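Below you'll find the structure, written out as structure tokens, and then a few comments.
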Amino acid sequence: MKKISVIKLVGLLLVGILALTGCGTKEDAPSNSNASGETLYRIGISQLIEHPALDDARKGFEDGLKELGLNVEIDYQNAQGDIPNTMSIAQKFTKDKVDLIFAIATSSAQSAKQATSDIPVLFSAVTDPVQSGIVEDWENVGGNVTGTSDKVSTEEQLKMFKDIDPHIKKIGILYNTSESNSEIQIEEVKSIAPQVGLEVETVGVNNVNELSQAIGSLVKKVDALYMITDNMVASSVELTSKTAIEKEMITVSAEETQVRGGLLVTNGLSYYELGKQTAQMAKEILVDKKEVSTIPVGLAQKTITTYNGKTLEALGLDPEISLFKNAVKVGE
């Protein structure tokens with residue numbers, strides 16, 4: 001009897017030690033916590049290409065997460081403008097089982113949607129996520145994808161041409177033929193332009209090497225240039241600005257960073273603020289456990305008219321034109 005009791009006692013002690021060891025491992029190093037025991041969220045960021053607008057969206061998102069107090073580990077991947085790379089990046093994030101994917105630009109968002117139906121996906125810098133097939137509806141997005149759009153009033157932007165020079169009749173648009181986002185914008189511009197007394201001429205390019213020749217060709221056919229939120233063309237904003245100034249040509253942009261890069265004027269959004277707006281959505285999903293499908297696509301909460309002072313001076317325009325008097329000046 002004494003031997004049996006000792007064996008039972010040793011067995012009970014072993015079971016207790018194993019149980020305590022198991023509990024200790026789980027509590028000390030849970031899979032989604034850091035060494036301090038804080039919840040650690042792993043976020044994969046997929047960005048189509050480096051240029052100021054998309055960089056601002058990413059920085060705004062990261063700063064927004066910090067301001068909201070989220071403890072995050074970010075895996076940033078850039079497709080370097082190669083659309084097939086966006087799918088490889090999305091598949092990597094899916095395999096890594098990140099907690100959330102932040103997709104910057106239309107192609108990145110389309111690939112993320114295609115790669116996973118389980119991991120929450122947020123997008124930004126997408127003009128029309130419905131026509132791009134990323135969400136079902138602006139309000140009732142359905143599925144695991146939502147985000148923020150950079151869509152602004154095209155009509156207000158086109159009216160600026162006439163506000164600056166009523167003699168402008170034909171505007172030119174340069175775009176990447178591989179970006180569905182760009183084709184959607186051009187269709188909208190063509191539908192609105194006649195209402196404000198403008199004609200539209202477009203030139204498509206397949207890669208950055210074609211940009212210089214395309215710009216040179218386009219400026220011979222039009223009175224002014226309109227720059228949509230095309231990611232490839234945005235990367236050549238300095239070239240476009242220089243060419244337009246040489247031709248004494250007015251340029252209107254769909255967004256602020258292109259004006260900082262040398263184009264004349266925009267009534268547009270701040271991609272940095274749009275990124276911060278998207279960070280708030282990330283908190284709702286990760287911390288507040290809100291269902292992605294219940295979060296509508298967000299639009300910029302405010303727009304602002306911005307003009308480049310150096311470009312205005314180079315073009316010899318009157319700074320007393322009401323459009324400029326009430327706008328924010330950059331480019332000093």
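Order determines the names: the first chain of the structure tokens is A, the second B, and so forth; residues in each chain are numbered 1 upward, and ligands are numbered 1 upward as they are shown.
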Neighbour list for Gly275 (chain A) as a ChimeraX atom specification, cut-off 12 Å, only C-alpha atoms, skip fewer than 4 positions in-chain: /A:45,53-65,102-105,122-126,147-150,269-271,279-282,298-301
Restricting it to N, CA, C and O atoms, dump the selection as a compact mmCIF listing (two decimals), in the first residue's frame.
```
# COMPACT_ATOMS: atom_id res chain seq x y z
N ILE A 45 1.27 45.30 -45.83
CA ILE A 45 0.96 46.44 -46.70
C ILE A 45 1.47 46.15 -48.11
O ILE A 45 2.66 45.89 -48.31
N ALA A 53 1.84 60.28 -53.81
CA ALA A 53 0.47 60.08 -53.34
C ALA A 53 0.33 58.76 -52.58
O ALA A 53 -0.22 58.71 -51.47
N LEU A 54 0.84 57.69 -53.17
CA LEU A 54 0.71 56.37 -52.53
C LEU A 54 1.59 56.29 -51.28
O LEU A 54 1.21 55.67 -50.28
N ASP A 55 2.75 56.92 -51.34
CA ASP A 55 3.61 56.97 -50.15
C ASP A 55 2.91 57.71 -49.00
O ASP A 55 2.99 57.30 -47.84
N ASP A 56 2.21 58.80 -49.35
CA ASP A 56 1.47 59.55 -48.33
C ASP A 56 0.35 58.71 -47.72
O ASP A 56 0.09 58.78 -46.51
N ALA A 57 -0.34 57.95 -48.56
CA ALA A 57 -1.42 57.09 -48.06
C ALA A 57 -0.87 56.08 -47.06
O ALA A 57 -1.47 55.83 -46.00
N ARG A 58 0.30 55.50 -47.37
CA ARG A 58 0.90 54.52 -46.46
C ARG A 58 1.35 55.18 -45.15
O ARG A 58 1.10 54.67 -44.07
N LYS A 59 1.99 56.35 -45.28
CA LYS A 59 2.48 57.04 -44.08
C LYS A 59 1.31 57.46 -43.19
O LYS A 59 1.37 57.35 -41.96
N GLY A 60 0.24 57.95 -43.83
CA GLY A 60 -0.94 58.34 -43.05
C GLY A 60 -1.54 57.16 -42.32
O GLY A 60 -1.96 57.27 -41.16
N PHE A 61 -1.57 56.00 -42.97
CA PHE A 61 -2.10 54.78 -42.36
C PHE A 61 -1.25 54.38 -41.15
O PHE A 61 -1.78 54.11 -40.07
N GLU A 62 0.07 54.37 -41.33
CA GLU A 62 0.97 53.96 -40.25
C GLU A 62 0.90 54.95 -39.08
O GLU A 62 0.86 54.54 -37.91
N ASP A 63 0.88 56.26 -39.38
CA ASP A 63 0.78 57.26 -38.31
C ASP A 63 -0.57 57.16 -37.61
O ASP A 63 -0.66 57.35 -36.39
N GLY A 64 -1.61 56.89 -38.40
CA GLY A 64 -2.94 56.75 -37.81
C GLY A 64 -3.01 55.59 -36.83
O GLY A 64 -3.61 55.71 -35.75
N LEU A 65 -2.38 54.48 -37.17
CA LEU A 65 -2.35 53.32 -36.27
C LEU A 65 -1.66 53.66 -34.95
O LEU A 65 -2.11 53.27 -33.87
N PHE A 102 -3.42 45.73 -45.99
CA PHE A 102 -3.71 47.09 -46.45
C PHE A 102 -3.17 47.21 -47.87
O PHE A 102 -1.95 47.17 -48.08
N ALA A 103 -4.08 47.34 -48.83
CA ALA A 103 -3.71 47.36 -50.25
C ALA A 103 -3.82 48.79 -50.78
O ALA A 103 -4.90 49.39 -50.75
N ILE A 104 -2.71 49.31 -51.30
CA ILE A 104 -2.68 50.70 -51.78
C ILE A 104 -2.66 50.69 -53.31
O ILE A 104 -1.71 50.21 -53.92
N ALA A 105 -3.73 51.22 -53.90
CA ALA A 105 -3.98 51.32 -55.34
C ALA A 105 -4.83 50.14 -55.82
O ALA A 105 -4.88 49.07 -55.17
N LEU A 122 -8.22 46.01 -46.36
CA LEU A 122 -8.55 47.42 -46.50
C LEU A 122 -7.79 47.98 -47.69
O LEU A 122 -6.64 47.64 -47.89
N PHE A 123 -8.44 48.84 -48.47
CA PHE A 123 -7.74 49.47 -49.59
C PHE A 123 -7.78 50.98 -49.43
O PHE A 123 -8.57 51.54 -48.67
N SER A 124 -6.90 51.65 -50.17
CA SER A 124 -6.93 53.10 -50.29
C SER A 124 -6.38 53.47 -51.66
O SER A 124 -5.80 52.63 -52.34
N ALA A 125 -6.57 54.75 -52.06
CA ALA A 125 -6.12 55.22 -53.37
C ALA A 125 -6.78 54.44 -54.50
O ALA A 125 -6.17 54.15 -55.52
N VAL A 126 -8.03 54.08 -54.32
CA VAL A 126 -8.83 53.43 -55.36
C VAL A 126 -9.98 54.38 -55.69
O VAL A 126 -10.69 54.82 -54.80
N GLY A 147 -12.65 49.90 -47.62
CA GLY A 147 -11.52 50.83 -47.59
C GLY A 147 -11.93 52.24 -47.89
O GLY A 147 -13.10 52.63 -47.69
N THR A 148 -10.98 53.04 -48.40
CA THR A 148 -11.25 54.45 -48.69
C THR A 148 -10.95 54.73 -50.17
O THR A 148 -9.97 54.25 -50.72
N SER A 149 -11.81 55.54 -50.77
CA SER A 149 -11.66 55.91 -52.18
C SER A 149 -11.08 57.31 -52.29
O SER A 149 -11.34 58.18 -51.45
N ASP A 150 -10.32 57.55 -53.38
CA ASP A 150 -9.78 58.89 -53.63
C ASP A 150 -10.63 59.66 -54.64
O ASP A 150 -10.19 60.63 -55.24
N LEU A 269 -7.88 65.93 -52.63
CA LEU A 269 -7.79 65.41 -51.27
C LEU A 269 -6.33 65.28 -50.84
O LEU A 269 -5.41 65.38 -51.64
N SER A 270 -6.16 65.02 -49.54
CA SER A 270 -4.85 64.71 -49.00
C SER A 270 -4.76 63.19 -48.82
O SER A 270 -5.55 62.60 -48.07
N TYR A 271 -3.82 62.55 -49.50
CA TYR A 271 -3.68 61.10 -49.38
C TYR A 271 -3.20 60.72 -47.98
O TYR A 271 -3.50 59.63 -47.49
N ALA A 279 -6.81 53.95 -41.34
CA ALA A 279 -6.31 53.38 -40.09
C ALA A 279 -7.44 53.25 -39.07
O ALA A 279 -7.49 52.28 -38.29
N GLN A 280 -8.36 54.21 -39.06
CA GLN A 280 -9.51 54.13 -38.16
C GLN A 280 -10.34 52.89 -38.47
O GLN A 280 -10.84 52.20 -37.56
N MET A 281 -10.47 52.57 -39.76
CA MET A 281 -11.20 51.35 -40.15
C MET A 281 -10.48 50.11 -39.63
O MET A 281 -11.12 49.13 -39.22
N ALA A 282 -9.13 50.14 -39.68
CA ALA A 282 -8.35 48.99 -39.19
C ALA A 282 -8.63 48.77 -37.71
O ALA A 282 -8.76 47.62 -37.25
N GLY A 298 -15.20 54.51 -47.56
CA GLY A 298 -15.08 55.90 -47.12
C GLY A 298 -14.59 56.81 -48.23
O GLY A 298 -13.80 56.40 -49.09
N LEU A 299 -15.07 58.04 -48.22
CA LEU A 299 -14.57 59.08 -49.12
C LEU A 299 -13.82 60.12 -48.30
O LEU A 299 -14.01 60.21 -47.08
N ALA A 300 -12.96 60.90 -48.97
CA ALA A 300 -12.22 61.94 -48.26
C ALA A 300 -13.18 62.87 -47.53
O ALA A 300 -14.18 63.32 -48.10
N GLN A 301 -12.88 63.16 -46.28
CA GLN A 301 -13.80 63.95 -45.47
C GLN A 301 -13.76 65.42 -45.84
O GLN A 301 -14.67 66.17 -45.50
```
Looking only at strand (DSSP E) from DSSP on the backbone, list the matching residues of region 83-172 of chain A as a list of chain:residue names. A:Leu100, A:Ile101, A:Phe102, A:Ala103, A:Ile104, A:Val121, A:Leu122, A:Phe123, A:Ser124, A:Ala125, A:Val126, A:Val145, A:Thr146, A:Gly147, A:Thr148, A:Ser149, A:Lys170, A:Ile171, A:Gly172
Take the residues from that selection and put them in a file with N, CA and C atoms, as a PDB file, in the first residue's frame.
```
ATOM      1  N   LEU A 100      -4.371  41.452 -41.110  1.00  0.00           N
ATOM      2  CA  LEU A 100      -5.071  42.387 -42.012  1.00  0.00           C
ATOM      3  C   LEU A 100      -4.130  42.747 -43.163  1.00  0.00           C
ATOM      4  N   ILE A 101      -4.702  42.945 -44.347  1.00  0.00           N
ATOM      5  CA  ILE A 101      -3.937  43.410 -45.510  1.00  0.00           C
ATOM      6  C   ILE A 101      -4.382  44.828 -45.844  1.00  0.00           C
ATOM      7  N   PHE A 102      -3.418  45.734 -45.988  1.00  0.00           N
ATOM      8  CA  PHE A 102      -3.710  47.091 -46.447  1.00  0.00           C
ATOM      9  C   PHE A 102      -3.173  47.214 -47.872  1.00  0.00           C
ATOM     10  N   ALA A 103      -4.080  47.336 -48.832  1.00  0.00           N
ATOM     11  CA  ALA A 103      -3.709  47.363 -50.251  1.00  0.00           C
ATOM     12  C   ALA A 103      -3.823  48.786 -50.785  1.00  0.00           C
ATOM     13  N   ILE A 104      -2.710  49.314 -51.298  1.00  0.00           N
ATOM     14  CA  ILE A 104      -2.679  50.698 -51.776  1.00  0.00           C
ATOM     15  C   ILE A 104      -2.661  50.691 -53.308  1.00  0.00           C
ATOM     16  N   VAL A 121      -9.348  42.814 -45.649  1.00  0.00           N
ATOM     17  CA  VAL A 121      -8.566  43.622 -46.585  1.00  0.00           C
ATOM     18  C   VAL A 121      -9.101  45.051 -46.575  1.00  0.00           C
ATOM     19  N   LEU A 122      -8.219  46.012 -46.356  1.00  0.00           N
ATOM     20  CA  LEU A 122      -8.555  47.424 -46.497  1.00  0.00           C
ATOM     21  C   LEU A 122      -7.791  47.976 -47.691  1.00  0.00           C
ATOM     22  N   PHE A 123      -8.444  48.843 -48.471  1.00  0.00           N
ATOM     23  CA  PHE A 123      -7.745  49.474 -49.586  1.00  0.00           C
ATOM     24  C   PHE A 123      -7.777  50.985 -49.432  1.00  0.00           C
ATOM     25  N   SER A 124      -6.904  51.646 -50.170  1.00  0.00           N
ATOM     26  CA  SER A 124      -6.933  53.104 -50.291  1.00  0.00           C
ATOM     27  C   SER A 124      -6.377  53.467 -51.663  1.00  0.00           C
ATOM     28  N   ALA A 125      -6.572  54.750 -52.058  1.00  0.00           N
ATOM     29  CA  ALA A 125      -6.118  55.222 -53.370  1.00  0.00           C
ATOM     30  C   ALA A 125      -6.781  54.444 -54.501  1.00  0.00           C
ATOM     31  N   VAL A 126      -8.027  54.080 -54.318  1.00  0.00           N
ATOM     32  CA  VAL A 126      -8.830  53.432 -55.363  1.00  0.00           C
ATOM     33  C   VAL A 126      -9.977  54.384 -55.690  1.00  0.00           C
ATOM     34  N   VAL A 145     -13.675  42.807 -47.837  1.00  0.00           N
ATOM     35  CA  VAL A 145     -12.906  43.949 -48.353  1.00  0.00           C
ATOM     36  C   VAL A 145     -13.697  45.250 -48.237  1.00  0.00           C
ATOM     37  N   THR A 146     -13.045  46.285 -47.710  1.00  0.00           N
ATOM     38  CA  THR A 146     -13.586  47.641 -47.733  1.00  0.00           C
ATOM     39  C   THR A 146     -12.385  48.597 -47.696  1.00  0.00           C
ATOM     40  N   GLY A 147     -12.649  49.901 -47.622  1.00  0.00           N
ATOM     41  CA  GLY A 147     -11.516  50.829 -47.586  1.00  0.00           C
ATOM     42  C   GLY A 147     -11.933  52.245 -47.886  1.00  0.00           C
ATOM     43  N   THR A 148     -10.985  53.040 -48.400  1.00  0.00           N
ATOM     44  CA  THR A 148     -11.249  54.446 -48.695  1.00  0.00           C
ATOM     45  C   THR A 148     -10.955  54.728 -50.167  1.00  0.00           C
ATOM     46  N   SER A 149     -11.810  55.543 -50.767  1.00  0.00           N
ATOM     47  CA  SER A 149     -11.661  55.906 -52.177  1.00  0.00           C
ATOM     48  C   SER A 149     -11.079  57.314 -52.294  1.00  0.00           C
ATOM     49  N   LYS A 170      -9.856  72.452 -75.407  1.00  0.00           N
ATOM     50  CA  LYS A 170      -9.540  71.017 -75.435  1.00  0.00           C
ATOM     51  C   LYS A 170      -8.466  70.689 -74.389  1.00  0.00           C
ATOM     52  N   ILE A 171      -8.746  69.676 -73.577  1.00  0.00           N
ATOM     53  CA  ILE A 171      -7.770  69.251 -72.572  1.00  0.00           C
ATOM     54  C   ILE A 171      -7.230  67.869 -72.930  1.00  0.00           C
ATOM     55  N   GLY A 172      -5.979  67.608 -72.535  1.00  0.00           N
ATOM     56  CA  GLY A 172      -5.350  66.324 -72.818  1.00  0.00           C
ATOM     57  C   GLY A 172      -5.135  65.508 -71.555  1.00  0.00           C
TER      58      GLY A 172
END
```
Find the residues around Val233 (chain A) up to 12 Å (only C-alpha atoms counted), leave out those fewer than 5 positions away in its own chain, and share them as a PyMOL selection string. chain A and resi 49-53+81+173-179+182+203-212+214-215+226-228+238-241+253+258
Pairwise distance, CA of Gly316 (chain A) with CA of Leu264 (chain A), equals 11.7 Å
Quick one: residues within 10 Å of region 261-263 of chain A, only C-alpha atoms counted, chain neighbours fewer than 3 positions away excluded, as JSON, numbers by chain? {"A": [52, 225, 226, 227, 234, 235, 236, 237, 238, 239, 240, 241, 242, 244, 245, 250, 251, 252, 253, 255, 256, 257, 258, 266, 307, 308, 309, 310, 311, 312, 330, 331]}
Save the residues we just selected, C-alpha atoms, as a PDB file, in the first residue's frame?
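result22.pdb, written as the output of this step:
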```pdb
ATOM      1  CA  PRO A  52       4.232  60.702 -53.447  1.00  0.00           C
ATOM      2  CA  LEU A 225      -3.493  69.140 -69.488  1.00  0.00           C
ATOM      3  CA  TYR A 226      -5.575  67.272 -66.918  1.00  0.00           C
ATOM      4  CA  MET A 227      -3.756  64.724 -64.734  1.00  0.00           C
ATOM      5  CA  ALA A 234       2.053  60.298 -61.410  1.00  0.00           C
ATOM      6  CA  SER A 235       5.619  58.989 -61.232  1.00  0.00           C
ATOM      7  CA  SER A 236       6.514  61.347 -64.114  1.00  0.00           C
ATOM      8  CA  VAL A 237       4.918  64.489 -62.720  1.00  0.00           C
ATOM      9  CA  GLU A 238       8.139  66.527 -62.913  1.00  0.00           C
ATOM     10  CA  LEU A 239       8.524  65.727 -66.624  1.00  0.00           C
ATOM     11  CA  THR A 240       4.898  66.625 -67.304  1.00  0.00           C
ATOM     12  CA  SER A 241       5.187  69.872 -65.351  1.00  0.00           C
ATOM     13  CA  LYS A 242       8.379  70.916 -67.128  1.00  0.00           C
ATOM     14  CA  ALA A 244       3.674  72.066 -69.786  1.00  0.00           C
ATOM     15  CA  ILE A 245       5.546  75.140 -68.532  1.00  0.00           C
ATOM     16  CA  ILE A 250      -2.180  75.224 -67.725  1.00  0.00           C
ATOM     17  CA  THR A 251      -2.283  71.957 -65.778  1.00  0.00           C
ATOM     18  CA  VAL A 252      -5.027  70.788 -63.442  1.00  0.00           C
ATOM     19  CA  SER A 253      -4.465  67.714 -61.282  1.00  0.00           C
ATOM     20  CA  GLU A 255      -4.764  65.341 -56.376  1.00  0.00           C
ATOM     21  CA  GLU A 256      -2.507  67.442 -54.176  1.00  0.00           C
ATOM     22  CA  THR A 257       0.860  65.679 -54.387  1.00  0.00           C
ATOM     23  CA  GLN A 258       1.048  66.251 -58.147  1.00  0.00           C
ATOM     24  CA  THR A 266      -6.118  71.015 -57.890  1.00  0.00           C
ATOM     25  CA  TYR A 307      -1.802  75.684 -56.309  1.00  0.00           C
ATOM     26  CA  ASN A 308       1.912  75.709 -56.986  1.00  0.00           C
ATOM     27  CA  GLY A 309       3.311  79.236 -56.591  1.00  0.00           C
ATOM     28  CA  LYS A 310       6.426  78.616 -58.710  1.00  0.00           C
ATOM     29  CA  THR A 311       4.402  77.169 -61.574  1.00  0.00           C
ATOM     30  CA  LEU A 312       1.906  80.024 -61.418  1.00  0.00           C
ATOM     31  CA  VAL A 330       2.697  75.329 -52.168  1.00  0.00           C
ATOM     32  CA  GLY A 331       5.953  75.011 -54.063  1.00  0.00           C
TER      33      GLY A 331
END
```
Two-atom distance - CA of Arg42 (chain A), CA of Val297 (chain A) (Å):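 Separating CA of Arg42 (chain A) from CA of Val297 (chain A) is a distance of 22.6 Å.
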Choose the residue, out of A:Gly197, A:Pro296, A:Pro129, A:Gly142, that has the smallest atom-to-atom separation from Gln185 (chain A); count only C-alpha atoms. A:Pro129
Find the residue from A:Val287, A:Met232, A:Ala224, A:Ala327 that sits nearest to Val265 (chain A); use only C-alpha atoms when measuring.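 Ranking A:Val287, A:Met232, A:Ala224, A:Ala327 by distance to Val265 (chain A), first place goes to A:Ala327.
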Can you work out which one of A:Asn267, A:Lys190, A:Glu273, A:Lys283 has the shortest atom-to-atom distance to Val328 (chain A), counting only C-alpha atoms? A:Asn267
